[in-house]
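Source file: coords_35.tsv; contents: TSV, C-alpha atoms.
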```tsv
chain	number	residue	atom	x	y	z
A	15	MET	CA	-43.29	-2.52	50.57
A	16	ILE	CA	-44.15	0.06	53.30
A	17	LEU	CA	-41.38	2.51	54.25
A	18	THR	CA	-41.00	4.05	57.68
A	19	ARG	CA	-40.83	7.84	57.81
A	20	ARG	CA	-37.15	7.64	58.68
A	21	ALA	CA	-36.38	5.29	55.76
A	22	ALA	CA	-38.33	7.46	53.33
A	23	ALA	CA	-36.48	10.55	54.54
A	24	LEU	CA	-33.12	8.84	54.04
A	25	LEU	CA	-34.05	7.81	50.51
A	26	LEU	CA	-35.10	11.33	49.62
A	27	ALA	CA	-31.95	12.77	51.14
A	28	ALA	CA	-29.57	10.33	49.45
A	29	PRO	CA	-28.88	12.43	46.32
A	30	ALA	CA	-28.14	15.50	48.44
A	31	ILE	CA	-25.85	13.48	50.72
A	32	ALA	CA	-23.98	12.12	47.69
A	33	ARG	CA	-23.51	15.65	46.33
A	34	ALA	CA	-22.22	16.80	49.69
A	35	GLN	CA	-19.45	14.19	49.81
A	36	PRO	CA	-15.97	15.59	49.12
A	37	SER	CA	-14.53	14.72	45.72
A	38	TRP	CA	-11.99	11.91	45.82
A	39	SER	CA	-8.53	12.36	44.36
A	40	PRO	CA	-6.06	9.51	43.86
A	41	ALA	CA	-3.09	9.56	46.25
A	42	GLY	CA	-0.72	8.08	43.66
A	43	PRO	CA	-0.50	6.61	40.14
A	44	VAL	CA	-3.62	4.81	38.93
A	45	ARG	CA	-2.99	1.37	37.46
A	46	VAL	CA	-5.02	-0.15	34.62
A	47	ILE	CA	-4.32	-3.88	34.52
A	48	ILE	CA	-4.71	-5.52	31.12
A	49	PRO	CA	-4.97	-9.30	31.55
A	50	PHE	CA	-3.63	-9.96	28.03
A	51	PRO	CA	-0.16	-9.71	26.45
A	52	PRO	CA	1.00	-6.35	25.05
A	53	GLY	CA	-0.15	-5.55	21.54
A	54	GLY	CA	-3.63	-7.01	21.95
A	55	THR	CA	-6.94	-5.47	20.97
A	56	MET	CA	-7.43	-3.97	24.45
A	57	ASP	CA	-4.35	-1.79	24.14
A	58	PRO	CA	-5.76	0.98	21.90
A	59	VAL	CA	-8.65	1.57	24.31
A	60	ALA	CA	-6.40	1.98	27.33
A	61	ARG	CA	-3.65	3.89	25.52
A	62	LEU	CA	-5.96	6.41	23.86
A	63	ALA	CA	-7.69	7.17	27.16
A	64	GLN	CA	-4.49	7.15	29.25
A	65	GLU	CA	-3.35	10.75	28.74
A	66	HIS	CA	-6.81	12.21	29.31
A	67	LEU	CA	-7.36	10.11	32.43
A	68	ALA	CA	-4.05	11.28	33.88
A	69	ARG	CA	-4.88	14.92	33.23
A	70	ASP	CA	-8.35	14.55	34.75
A	71	LEU	CA	-7.23	12.60	37.83
A	72	GLY	CA	-4.06	14.58	38.47
A	73	GLN	CA	-1.90	11.45	38.65
A	74	PRO	CA	-0.05	9.25	36.15
A	75	VAL	CA	-2.09	6.38	34.71
A	76	VAL	CA	-0.02	3.22	34.21
A	77	VAL	CA	-1.02	0.39	31.87
A	78	ASP	CA	0.14	-2.88	33.46
A	79	HIS	CA	-0.02	-6.08	31.40
A	80	ARG	CA	-0.64	-9.21	33.50
A	81	PRO	CA	-1.45	-11.96	30.97
A	82	GLY	CA	-2.08	-15.63	31.58
A	83	GLY	CA	-4.59	-18.12	32.90
A	84	ALA	CA	-7.34	-16.97	30.52
A	85	THR	CA	-7.31	-13.56	32.30
A	86	VAL	CA	-7.38	-15.15	35.78
A	87	ILE	CA	-3.85	-14.01	36.67
A	88	GLY	CA	-4.58	-10.35	36.01
A	89	THR	CA	-8.00	-10.50	37.64
A	90	THR	CA	-6.55	-12.17	40.74
A	91	GLU	CA	-3.97	-9.35	40.93
A	92	ALA	CA	-6.77	-6.78	40.82
A	93	ALA	CA	-8.77	-8.64	43.48
A	94	ARG	CA	-5.78	-8.68	45.85
A	95	ALA	CA	-4.79	-5.04	45.36
A	96	PRO	CA	-5.64	-2.51	48.10
A	97	ALA	CA	-9.16	-1.12	47.88
A	98	ASP	CA	-7.89	2.44	47.52
A	99	GLY	CA	-9.03	3.17	43.97
A	100	LEU	CA	-5.51	3.06	42.58
A	101	THR	CA	-5.95	-0.31	40.85
A	102	THR	CA	-8.45	-0.97	38.08
A	103	ILE	CA	-8.62	-3.71	35.47
A	104	MET	CA	-9.90	-3.78	31.91
A	105	VAL	CA	-12.05	-6.83	31.26
A	106	ALA	CA	-13.81	-8.42	28.30
A	107	ASN	CA	-16.55	-11.00	27.69
A	108	SER	CA	-14.28	-13.61	29.28
A	109	PHE	CA	-14.93	-11.97	32.65
A	110	ALA	CA	-18.63	-12.87	32.36
A	111	ALA	CA	-17.90	-16.32	30.93
A	112	ASN	CA	-15.40	-17.20	33.67
A	113	VAL	CA	-18.13	-16.93	36.29
A	114	THR	CA	-19.31	-20.34	35.04
A	115	LEU	CA	-16.26	-21.67	33.19
A	116	ARG	CA	-13.83	-21.14	36.07
A	117	PRO	CA	-15.83	-21.26	39.32
A	118	ASN	CA	-12.80	-22.15	41.49
A	119	THR	CA	-10.92	-18.85	41.21
A	120	SER	CA	-9.94	-17.11	44.44
A	121	TYR	CA	-12.37	-14.30	43.65
A	122	ASN	CA	-16.06	-14.11	42.80
A	123	GLY	CA	-16.42	-12.00	39.69
A	124	LEU	CA	-19.97	-10.83	40.36
A	125	ARG	CA	-19.50	-10.21	44.08
A	126	ASP	CA	-15.95	-8.95	44.47
A	127	PHE	CA	-15.82	-6.36	41.70
A	128	ALA	CA	-17.72	-3.19	40.84
A	129	PRO	CA	-18.24	-1.91	37.28
A	130	LEU	CA	-16.90	1.50	36.31
A	131	VAL	CA	-17.53	1.90	32.57
A	132	MET	CA	-18.35	-0.26	29.55
A	133	ALA	CA	-15.97	1.27	27.04
A	134	THR	CA	-16.23	-0.29	23.58
A	135	VAL	CA	-17.59	-3.19	21.57
A	136	VAL	CA	-16.57	-4.90	18.34
A	137	PRO	CA	-19.53	-6.65	16.65
A	138	HIS	CA	-19.20	-10.17	15.30
A	139	VAL	CA	-20.11	-10.88	11.69
A	140	LEU	CA	-21.51	-14.24	10.63
A	141	THR	CA	-19.08	-14.90	7.80
A	142	VAL	CA	-19.23	-17.91	5.46
A	143	HIS	CA	-17.08	-19.33	2.73
A	144	PRO	CA	-18.53	-18.33	-0.68
A	145	THR	CA	-19.17	-21.96	-1.64
A	146	VAL	CA	-21.55	-22.35	1.32
A	147	ALA	CA	-24.16	-19.70	0.54
A	148	ARG	CA	-24.82	-16.28	-0.96
A	149	ASP	CA	-27.08	-14.99	1.81
A	150	PHE	CA	-28.51	-15.84	5.22
A	151	ALA	CA	-31.40	-17.92	3.87
A	152	GLY	CA	-29.00	-19.99	1.79
A	153	PHE	CA	-26.72	-20.39	4.79
A	154	LEU	CA	-29.57	-21.74	6.95
A	155	GLU	CA	-30.48	-24.20	4.22
A	156	ALA	CA	-26.88	-25.42	3.93
A	157	ALA	CA	-26.33	-25.58	7.67
A	158	ARG	CA	-29.50	-27.59	8.32
A	159	ARG	CA	-28.89	-30.34	5.79
A	160	PRO	CA	-28.52	-33.84	7.24
A	161	GLY	CA	-25.15	-35.52	7.02
A	162	PRO	CA	-21.72	-34.55	8.34
A	163	GLY	CA	-22.73	-30.89	8.64
A	164	LEU	CA	-20.60	-27.76	8.59
A	165	SER	CA	-17.69	-26.71	10.79
A	166	PHE	CA	-17.52	-23.35	12.55
A	167	GLY	CA	-14.44	-21.80	14.04
A	168	SER	CA	-13.75	-19.74	17.14
A	169	TYR	CA	-10.82	-18.08	18.87
A	170	GLY	CA	-10.75	-20.80	21.52
A	171	ILE	CA	-12.95	-22.76	23.90
A	172	GLY	CA	-15.06	-20.42	26.01
A	173	THR	CA	-14.30	-17.32	23.95
A	174	SER	CA	-17.06	-14.91	23.04
A	175	ASN	CA	-17.41	-16.12	19.45
A	176	HIS	CA	-17.40	-19.76	20.59
A	177	LEU	CA	-20.22	-19.16	23.07
A	178	GLY	CA	-22.05	-16.94	20.59
A	179	GLY	CA	-21.63	-19.61	17.93
A	180	GLU	CA	-23.00	-22.35	20.18
A	181	GLN	CA	-25.96	-20.19	21.17
A	182	PHE	CA	-26.67	-19.41	17.51
A	183	ARG	CA	-26.23	-23.06	16.46
A	184	GLU	CA	-28.84	-24.12	18.99
A	185	ALA	CA	-31.27	-21.27	18.28
A	186	ALA	CA	-31.10	-21.78	14.49
A	187	ARG	CA	-31.06	-25.61	14.73
A	188	LEU	CA	-27.83	-25.90	12.73
A	189	ASN	CA	-26.02	-29.12	11.91
A	190	ALA	CA	-22.56	-27.80	12.79
A	191	THR	CA	-19.46	-28.74	14.76
A	192	HIS	CA	-17.17	-26.38	16.66
A	193	VAL	CA	-13.45	-26.13	15.79
A	194	PRO	CA	-11.46	-24.05	18.33
A	195	TYR	CA	-8.30	-22.15	17.37
A	196	VAL	CA	-5.57	-20.67	19.54
A	197	ASN	CA	-4.57	-18.13	16.89
A	198	PRO	CA	-7.41	-15.98	15.50
A	199	ALA	CA	-5.40	-15.30	12.34
A	200	GLN	CA	-5.23	-19.03	11.63
A	201	ALA	CA	-9.00	-19.31	12.09
A	202	ASN	CA	-9.50	-16.54	9.56
A	203	THR	CA	-7.09	-18.21	7.14
A	204	ASP	CA	-8.83	-21.57	7.46
A	205	LEU	CA	-12.20	-19.93	6.87
A	206	MET	CA	-10.93	-18.41	3.63
A	207	GLY	CA	-9.48	-21.81	2.70
A	208	ASN	CA	-12.83	-23.58	3.36
A	209	ARG	CA	-11.29	-25.80	6.04
A	210	ILE	CA	-14.04	-24.40	8.25
A	211	GLN	CA	-17.23	-23.11	6.67
A	212	PHE	CA	-18.41	-20.29	8.91
A	213	MET	CA	-17.53	-18.21	11.93
A	214	LEU	CA	-18.81	-15.33	14.01
A	215	ALA	CA	-15.72	-13.17	13.53
A	216	ASN	CA	-14.59	-9.71	14.61
A	217	LEU	CA	-15.94	-7.11	12.18
A	218	PRO	CA	-12.62	-5.32	11.47
A	219	ASP	CA	-10.97	-8.61	10.44
A	220	MET	CA	-13.71	-9.43	7.95
A	221	ILE	CA	-14.19	-6.17	6.07
A	222	GLN	CA	-11.43	-6.68	3.49
A	223	PRO	CA	-12.03	-10.40	2.72
A	224	VAL	CA	-15.76	-9.71	2.38
A	225	GLN	CA	-15.23	-6.70	0.12
A	226	THR	CA	-12.81	-8.68	-2.08
A	227	GLY	CA	-15.17	-11.65	-2.34
A	228	GLN	CA	-12.99	-14.12	-0.45
A	229	LEU	CA	-15.76	-14.48	2.15
A	230	ARG	CA	-19.43	-13.57	2.46
A	231	ALA	CA	-20.99	-11.75	5.41
A	232	VAL	CA	-24.60	-12.85	5.88
A	233	ALA	CA	-25.50	-11.39	9.31
A	234	ILE	CA	-24.09	-9.17	12.04
A	235	SER	CA	-24.57	-9.54	15.78
A	236	ALA	CA	-25.11	-5.89	16.67
A	237	GLU	CA	-27.88	-3.46	17.56
A	238	ALA	CA	-27.65	-1.83	14.13
A	239	ARG	CA	-26.11	-2.51	10.75
A	240	ALA	CA	-22.43	-1.64	10.37
A	241	ARG	CA	-21.58	1.33	8.19
A	242	GLU	CA	-18.72	-0.73	6.72
A	243	LEU	CA	-21.16	-3.47	5.59
A	244	PRO	CA	-24.50	-1.65	5.25
A	245	ASP	CA	-26.19	-4.45	3.29
A	246	VAL	CA	-25.60	-7.06	5.99
A	247	PRO	CA	-28.70	-7.46	8.21
A	248	THR	CA	-28.57	-7.77	11.98
A	249	MET	CA	-29.37	-11.00	13.80
A	250	ALA	CA	-32.49	-9.29	15.18
A	251	GLU	CA	-33.70	-8.44	11.68
A	252	LEU	CA	-33.28	-12.10	10.75
A	253	GLY	CA	-35.26	-13.40	13.72
A	254	PHE	CA	-32.47	-14.11	16.24
A	255	PRO	CA	-32.50	-11.10	18.60
A	256	LEU	CA	-31.15	-12.99	21.61
A	257	VAL	CA	-27.86	-14.12	20.08
A	258	LEU	CA	-25.00	-12.52	22.04
A	259	SER	CA	-21.80	-12.53	20.01
A	260	ASP	CA	-19.39	-9.61	20.16
A	261	SER	CA	-16.19	-8.49	21.86
A	262	TRP	CA	-16.61	-5.77	24.48
A	263	PHE	CA	-14.15	-4.09	26.84
A	264	GLY	CA	-14.88	-2.39	30.13
A	265	VAL	CA	-13.20	-1.25	33.33
A	266	ILE	CA	-13.88	-2.54	36.84
A	267	CYS	CA	-12.33	-2.30	40.30
A	268	ARG	CA	-12.73	-3.98	43.65
A	269	ALA	CA	-16.26	-3.73	45.01
A	270	ASP	CA	-15.05	-2.30	48.33
A	271	VAL	CA	-13.33	0.70	46.76
A	272	PRO	CA	-15.03	3.75	48.34
A	273	ALA	CA	-18.04	5.04	46.42
A	274	ALA	CA	-16.48	8.49	45.95
A	275	ALA	CA	-13.42	6.94	44.30
A	276	ARG	CA	-15.52	4.76	42.02
A	277	ALA	CA	-17.62	7.76	40.99
A	278	ARG	CA	-14.51	9.82	40.17
A	279	LEU	CA	-12.92	7.02	38.15
A	280	GLU	CA	-16.18	6.42	36.29
A	281	ALA	CA	-16.50	10.11	35.43
A	282	ALA	CA	-12.90	10.31	34.24
A	283	TRP	CA	-13.30	7.30	31.94
A	284	LEU	CA	-16.59	8.58	30.52
A	285	ALA	CA	-15.03	11.98	29.83
A	286	ALA	CA	-12.02	10.39	28.12
A	287	LEU	CA	-14.09	8.06	25.93
A	288	ASN	CA	-16.40	10.88	24.88
A	289	ARG	CA	-13.60	13.16	23.72
A	290	PRO	CA	-14.07	13.55	19.94
A	291	GLU	CA	-10.47	12.66	19.10
A	292	VAL	CA	-10.53	9.51	21.24
A	293	ARG	CA	-13.88	8.40	19.85
A	294	ARG	CA	-12.75	9.07	16.26
A	295	ARG	CA	-9.49	7.13	16.59
A	296	LEU	CA	-11.19	4.16	18.26
A	297	GLU	CA	-13.86	4.03	15.57
A	298	GLU	CA	-11.16	4.19	12.89
A	299	THR	CA	-9.64	1.09	14.53
A	300	GLY	CA	-12.95	-0.77	14.28
A	301	PHE	CA	-14.42	-0.23	17.72
A	302	THR	CA	-17.89	1.05	18.50
A	303	VAL	CA	-17.55	3.41	21.46
A	304	LEU	CA	-20.23	2.70	24.07
A	305	ALA	CA	-19.17	4.78	27.10
A	306	HIS	CA	-21.88	3.18	29.23
A	307	PRO	CA	-21.83	4.24	32.90
A	308	ALA	CA	-21.34	1.88	35.81
A	309	ALA	CA	-24.99	1.00	36.40
A	310	ARG	CA	-25.58	0.07	32.76
A	311	PHE	CA	-22.32	-1.89	32.63
A	312	GLY	CA	-23.33	-3.87	35.71
A	313	GLU	CA	-26.58	-4.85	34.02
A	314	GLU	CA	-24.69	-5.96	30.90
A	315	ILE	CA	-22.21	-8.06	32.88
A	316	ARG	CA	-25.07	-9.90	34.58
A	317	ARG	CA	-26.89	-10.38	31.25
A	318	TYR	CA	-23.83	-11.87	29.59
A	319	ALA	CA	-22.97	-14.01	32.63
A	320	GLU	CA	-26.49	-15.49	32.71
A	321	THR	CA	-26.57	-16.11	28.94
A	322	TYR	CA	-23.11	-17.66	28.94
A	323	ALA	CA	-23.96	-19.87	31.91
A	324	ALA	CA	-26.94	-21.31	30.03
A	325	VAL	CA	-24.86	-21.93	26.87
A	326	ILE	CA	-21.97	-23.49	28.81
A	327	ARG	CA	-24.23	-25.86	30.72
A	328	ALA	CA	-26.38	-26.80	27.72
A	329	ASN	CA	-23.30	-27.74	25.70
A	330	ASN	CA	-21.24	-29.15	28.57
A	331	ILE	CA	-18.36	-26.78	27.75
A	332	ARG	CA	-15.26	-27.29	29.87
A	333	VAL	CA	-11.82	-25.73	29.98
A	334	GLU	CA	-8.59	-27.30	31.23
```

Since I need it in another form, could you write the structure as structure tokens?
Amino acid sequence: MILTRRAAALLLAAPAIARAQPSWSPAGPVRVIIPFPPGGTMDPVARLAQEHLARDLGQPVVVDHRPGGATVIGTTEAARAPADGLTTIMVANSFAANVTLRPNTSYNGLRDFAPLVMATVVPHVLTVHPTVARDFAGFLEAARRPGPGLSFGSYGIGTSNHLGGEQFREAARLNATHVPYVNPAQANTDLMGNRIQFMLANLPDMIQPVQTGQLRAVAISAEARARELPDVPTMAELGFPLVLSDSWFGVICRADVPAAARARLEAAWLAALNRPEVRRRLEETGFTVLAHPAARFGEEIRRYAETYAAVIRANNIRVE
């Protein structure tokens, strides 16, 4: 591509122009919509950052729960809010999955929103009932046998561990059938009772049953081994580097919020997440703090959306 002199000059001047822009300050309280009921796993992330965000931004930060519709109600609220930087929403993997699972929403997730920060992630552990296998090799052998096959659980149709499980089932050529649950606790109970044989489950939920021998962890879907289960290899180590199965949280806002406002909100979130006391308390709760900036988060949203779209279409996954 050949640039004109004027275009080249503008590109070179862009950083200086950005630095010259006045810093944005919110004109009122900043709202963080959580599209899940109170008491969910998103709450600690928002609550621990809340005080530091308010101090940084000079305005109260209000956590506003808007559950329902598989996060569509809260996301619709955020899409309809004024583009003044005063409304943000915390999203999870479901935001990327809904691009394909729920194409008829009043908003376009990839077009109508802008990323601010990818806050945290909880890895998923491939956990099996002890009667199934002792290690990953034994699990593959058991899960590839002809016959009725094994059953694997998830926290519901279209959830991150359902889509991760389907992707893994296909990649590893497993003979397995999906069993969705509405209540994650019931899924965990049924796994321990051998009513389902394996599941890609949230790491914090699996530490105790694995350590007490009620379940066995044979792989983890993460970039590195977990300090809580140091002997459990990663999916990449075992030859499945493309399996995406985890639970992440991030913050977004409307795409037409002014750039200066987005930059200020992004900086405030990054500062809050990187405070030692916030990071320590989140990690004690089982989160891995990412604190990825907006550009990186945007890349991750697109990566998950594309991967989920392929899994959803290949397995003809539908939601009511």

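Nearest-residue note for A:Met56: choosing from A:Leu71, A:Val265, A:Ala199, A:Ala231, the minimum distance belongs to A:Val265, counting all atoms listed in the file.
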
Practice item. Check the smallest atom-to-atom distance from each of A:Ile266, A:Leu296, A:Met213, A:Leu205 to A:Trp283 using only C-alpha atoms, then report the winner. Key: A:Ile266

Per-residue nearest contacts stretch 110-175 of chain A to stretch 287-294 of chain A, cut-off 12 Å, using all atoms listed in the file, as JSON lines:
```
{"residue": "A:Val131", "atom": "CA", "partner": "A:Leu287", "partner_atom": "CA", "distance": 9.7}
{"residue": "A:Met132", "atom": "CA", "partner": "A:Leu287", "partner_atom": "CA", "distance": 10.0}
{"residue": "A:Ala133", "atom": "CA", "partner": "A:Leu287", "partner_atom": "CA", "distance": 7.1}
{"residue": "A:Thr134", "atom": "CA", "partner": "A:Leu287", "partner_atom": "CA", "distance": 8.9}
```

Selection from above, C-alpha atoms, as a PDB file, keeping the file's coordinate frame, can you write it?
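Full text of result-v9.pdb as output:
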```
ATOM      1  CA  VAL A 131     -17.530   1.900  32.570  1.00  0.00           C
ATOM      2  CA  MET A 132     -18.350  -0.260  29.550  1.00  0.00           C
ATOM      3  CA  ALA A 133     -15.970   1.270  27.040  1.00  0.00           C
ATOM      4  CA  THR A 134     -16.230  -0.290  23.580  1.00  0.00           C
TER       5      THR A 134
END
```

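Ranking A:Val105, A:Leu67, A:Val75, A:Ala281 by their shortest atom-to-atom distance to A:Val135, with only C-alpha atoms included, puts A:Val105 first.
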
Exercise for review: Please provide the set of residues having any atom within 10 Å of A:Leu279, restricted to all atoms listed in the file, with same-chain residues fewer than 6 positions apart removed, written as a PyMOL selection string.
Suggested key: chain A and resi 38-40+44+67+70-71+99-100+102+130-131+265-267+273+285

For the selection you just gave me, I'd like the residues written to a file as a CSV table (one decimal), keeping the file's coordinate frame, keeping C-alpha atoms.
```csv
chain,number,residue,atom,x,y,z
A,38,TRP,CA,-12.0,11.9,45.8
A,39,SER,CA,-8.5,12.4,44.4
A,40,PRO,CA,-6.1,9.5,43.9
A,44,VAL,CA,-3.6,4.8,38.9
A,67,LEU,CA,-7.4,10.1,32.4
A,70,ASP,CA,-8.4,14.6,34.8
A,71,LEU,CA,-7.2,12.6,37.8
A,99,GLY,CA,-9.0,3.2,44.0
A,100,LEU,CA,-5.5,3.1,42.6
A,102,THR,CA,-8.4,-1.0,38.1
A,130,LEU,CA,-16.9,1.5,36.3
A,131,VAL,CA,-17.5,1.9,32.6
A,265,VAL,CA,-13.2,-1.2,33.3
A,266,ILE,CA,-13.9,-2.5,36.8
A,267,CYS,CA,-12.3,-2.3,40.3
A,273,ALA,CA,-18.0,5.0,46.4
A,285,ALA,CA,-15.0,12.0,29.8
```

**Study point:** Ref. answer, residues at most 12 Å from (-34.3, -8.9, 14.5) with only C-alpha atoms, as a PyMOL selection string
**Key:** chain A and resi 233-239+247-257

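The set of protein, DNA and RNA residues with any counted atom at most 10 Å from (-19.4, -10.1, 40.9) (all atoms listed in the file) reads Phe109, Ala110, Val113, Tyr121, Asn122, Gly123, Leu124, Arg125, Asp126, Phe127, Ala128, Pro129, Arg268, Ala269, Gly312, Ile315, Arg316 and Ala319 of chain A.
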
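Minimum distance to A:Ala324 across A:Leu304, A:Leu115, A:Ile221, A:Ala277 (counting all atoms listed in the file) occurs at A:Leu115.
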
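Neighbouring residues of A:Pro194 at 9 Å or closer, counting only C-alpha atoms and skipping chain neighbours under 6 positions away, are Phe166, Gly167, Ser168, Tyr169, Gly170, Ile171, His176 and Ala201 of chain A.
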